[in-house]
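Just below is one structure, and these are the notes that go with it.
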Amino acid sequence: MKVVVIGGSGHIGTYLVPRLVEGGHEVTNVTRGLREPYQPHDAWKRVRLIRIDRQKEEAGRRFGESIKALEPDVVMDLICFKPESARPLVEALRGQIRHYICCGTTWIHGPSVLVPTREEECRNPFGEYGIQKAALENYLLEEAQAKGFPATLLHPGHIVGKGWLPISPVGNRDPLIFSRLAKGEEVEMPNLGMETLHHVHADDVAQAFVKAMSFWGNAVGESFHVVSPQALTMRGYAETVASWFGREARLKFVPFEQWRKGVDPEQADMTWDHIARSPNYSIAKARRLLDYQPRYGSLQAIHESITWLMEKGLLAVDG
Ligand SMILES: NC(=O)c1ccc[n+]([C@@H]2O[C@H](COP(=O)([O-])OP(=O)(O)OC[C@H]3O[C@@H](n4cnc5c(N)ncnc54)[C@H](OP(=O)(O)O)[C@@H]3O)[C@@H](O)[C@H]2O)c1
């Protein structure tokens, strides 16, 4: 297949593009050419890079035609955030491609009723990002189911991989949380630490994209959660990280509004975004229809990422 990946040199693309090349596909990566993938791989030598700034092309109403000119069989769109960004692609590519696989997010869901949350549950998104992604999903599924446009949406959780910091046990990106747990220092946790996080390894997200393409008949017109097999409680996550360093976690539980007073406001907002959703998603549908078989549990994925960060000296821990 001629596969065009839009935004293929980031978290997902680092794993997805080599998988596609190794699968024998002819891959074009569309980016601004500013970033390198997180991990080197020989496969990148066989990837065509097309430098396009999506925002600029969308403003000039050229983006759809620019992608069509690449004559793709399949488009994997990793950086679409609202229906208005998908529409020019749908209009330009209708009748021209076999599959358009778009990256969503599990934040199409707000607070859940039943967990693990399934794709068909009522959405209740909140926050601009989740609301726009839910609207994007509605738009693409309508185009697929009513008008035959071959769209699929894949919704990752918190993406983890070698090269960047995972969402921490307090639901933000403060690296000091890992350091404190590693040193056996006290860590304040919001509430009772029983709210949840749901990570996924970037290579498992990549697997889902490849499998969606393989199981075309099951994938078109559908959306799928792409997360690890089980969500994590924040408390259990903290205790497990401490145990990796031979420590017993010293956790202090503080009501969220009190907890946030001692935290950088941006990190506190990020924690709120996580605990207010307490993600816990089902992958039964992806397992059944796409043969999605995540290689990593949440803790395995995080362990790999933390080990890599320590090996590179990017995470300050004792010993
Ligand atoms: N990260 C998470 O935990 C998470 C969780 C759930 C869902 N998601 C979804 O995952 C998708 C993002 O995937 P990712 O995390 O792999 O992305 P990423 O790491 O942010 O990488 C973004 C990619 O897009 C390119 N890019 C950025 N701006 C561009 C522009 N204006 N024009 C063309 N290319 C551009 C970047 O390369 P250049 O900078 O070189 O252009 C890079 O290749 C989004 O749809 C997001 O909603 C992410």
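In the structure tokens, chains take the letters A, B, ... in the order shown, each chain's residues start at 1, and ligands count up from 1 in the order shown.
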Using only C-alpha atoms, determine which residues lie at most 10 Å from stretch 257-264 of chain A, disregarding the query and same-chain residues fewer than 5 positions distant; provide the list as a compact mmCIF listing (two decimals) with N, CA and C atoms, in the first residue's frame.
# COMPACT_ATOMS: atom_id res chain seq x y z
N ASP A 174 5.21 16.07 36.22
CA ASP A 174 6.25 16.55 37.12
C ASP A 174 7.25 15.41 37.35
N GLU A 188 2.81 13.72 48.25
CA GLU A 188 1.40 14.05 48.50
C GLU A 188 0.58 13.65 47.29
N MET A 189 -0.49 12.94 47.55
CA MET A 189 -1.37 12.51 46.45
C MET A 189 -2.75 13.13 46.62
N PRO A 190 -3.39 13.50 45.49
CA PRO A 190 -4.73 14.06 45.62
C PRO A 190 -5.74 12.99 46.02
N ASN A 191 -6.63 13.38 46.90
CA ASN A 191 -7.75 12.51 47.34
C ASN A 191 -7.22 11.21 47.93
N ASP A 269 -3.56 21.63 37.03
CA ASP A 269 -4.65 21.56 36.03
C ASP A 269 -4.59 20.23 35.28
N THR A 271 -3.38 17.41 36.40
CA THR A 271 -3.86 16.37 37.32
C THR A 271 -5.40 16.38 37.32
N TRP A 272 -5.97 17.56 37.41
CA TRP A 272 -7.43 17.66 37.43
C TRP A 272 -8.03 17.04 36.16
*Give the residue list for ligand 1 at 6 Å, counting only C-alpha atoms and all ligand atoms, as number ranges by chain, sorted by chain and then by residue number.*
A: 7-13, 31-35, 52-55, 78-80, 103-105, 156-159
If you run DSSP on the backbone, which residues of stretch 149-311 of chain A are strand (DSSP E or B), as a compact mmCIF listing (two decimals) with C-alpha atoms, in the first residue's frame?
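Output saved as part_37.txt:
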# COMPACT_ATOMS: atom_id res chain seq x y z
CA ALA A 151 -12.90 6.30 7.92
CA THR A 152 -11.79 4.66 11.16
CA LEU A 153 -10.96 6.36 14.46
CA LEU A 154 -8.47 5.04 16.98
CA HIS A 155 -8.56 6.55 20.47
CA PRO A 156 -5.32 6.20 22.48
CA HIS A 158 -1.84 8.35 27.79
CA ILE A 159 0.90 7.40 25.33
CA VAL A 160 4.13 5.99 26.79
CA GLU A 186 7.01 11.53 51.01
CA VAL A 187 4.69 12.23 48.09
CA GLU A 188 1.40 14.05 48.50
CA MET A 189 -1.37 12.51 46.45
CA PRO A 190 -4.73 14.06 45.62
CA THR A 196 -7.33 5.93 37.69
CA LEU A 197 -5.02 6.52 34.74
CA HIS A 199 -1.68 4.40 29.64
CA VAL A 200 -0.76 2.70 26.39
CA HIS A 201 2.61 2.02 24.84
CA SER A 223 -14.01 3.79 16.42
CA PHE A 224 -11.85 1.88 18.88
CA HIS A 225 -10.18 2.51 22.22
CA VAL A 226 -6.46 1.79 22.07
CA LEU A 232 -4.00 1.86 37.04
CA THR A 233 -5.00 3.37 40.35
CA ARG A 250 5.43 7.17 51.72
CA LEU A 251 2.13 8.61 50.51
CA LYS A 252 0.11 11.37 52.11
CA PHE A 253 -3.46 11.78 50.92
CA VAL A 254 -4.79 15.31 50.66
CA TYR A 281 -11.43 2.00 29.00
*asked:* Using DSSP assignments from the backbone, pull out every residue in stretch 122-206 of chain A that falls under alpha helix (DSSP H) and give it to me as number ranges by chain.
replied: A: 128-147, 176-183, 202-206
Contact check, stretch 5-89 of chain A to stretch 123-137 of chain A, at most 8 Å, counting only C-alpha atoms, closest pairs as a Markdown table:
| residue | atom | partner | partner_atom | distance |
| --- | --- | --- | --- | --- |
| A:Phe81 | CA | A:Lys133 | CA | 5.7 |
| A:Lys82 | CA | A:Gln132 | CA | 5.0 |
| A:Pro83 | CA | A:Leu136 | CA | 4.4 |
| A:Ala86 | CA | A:Leu136 | CA | 7.5 |
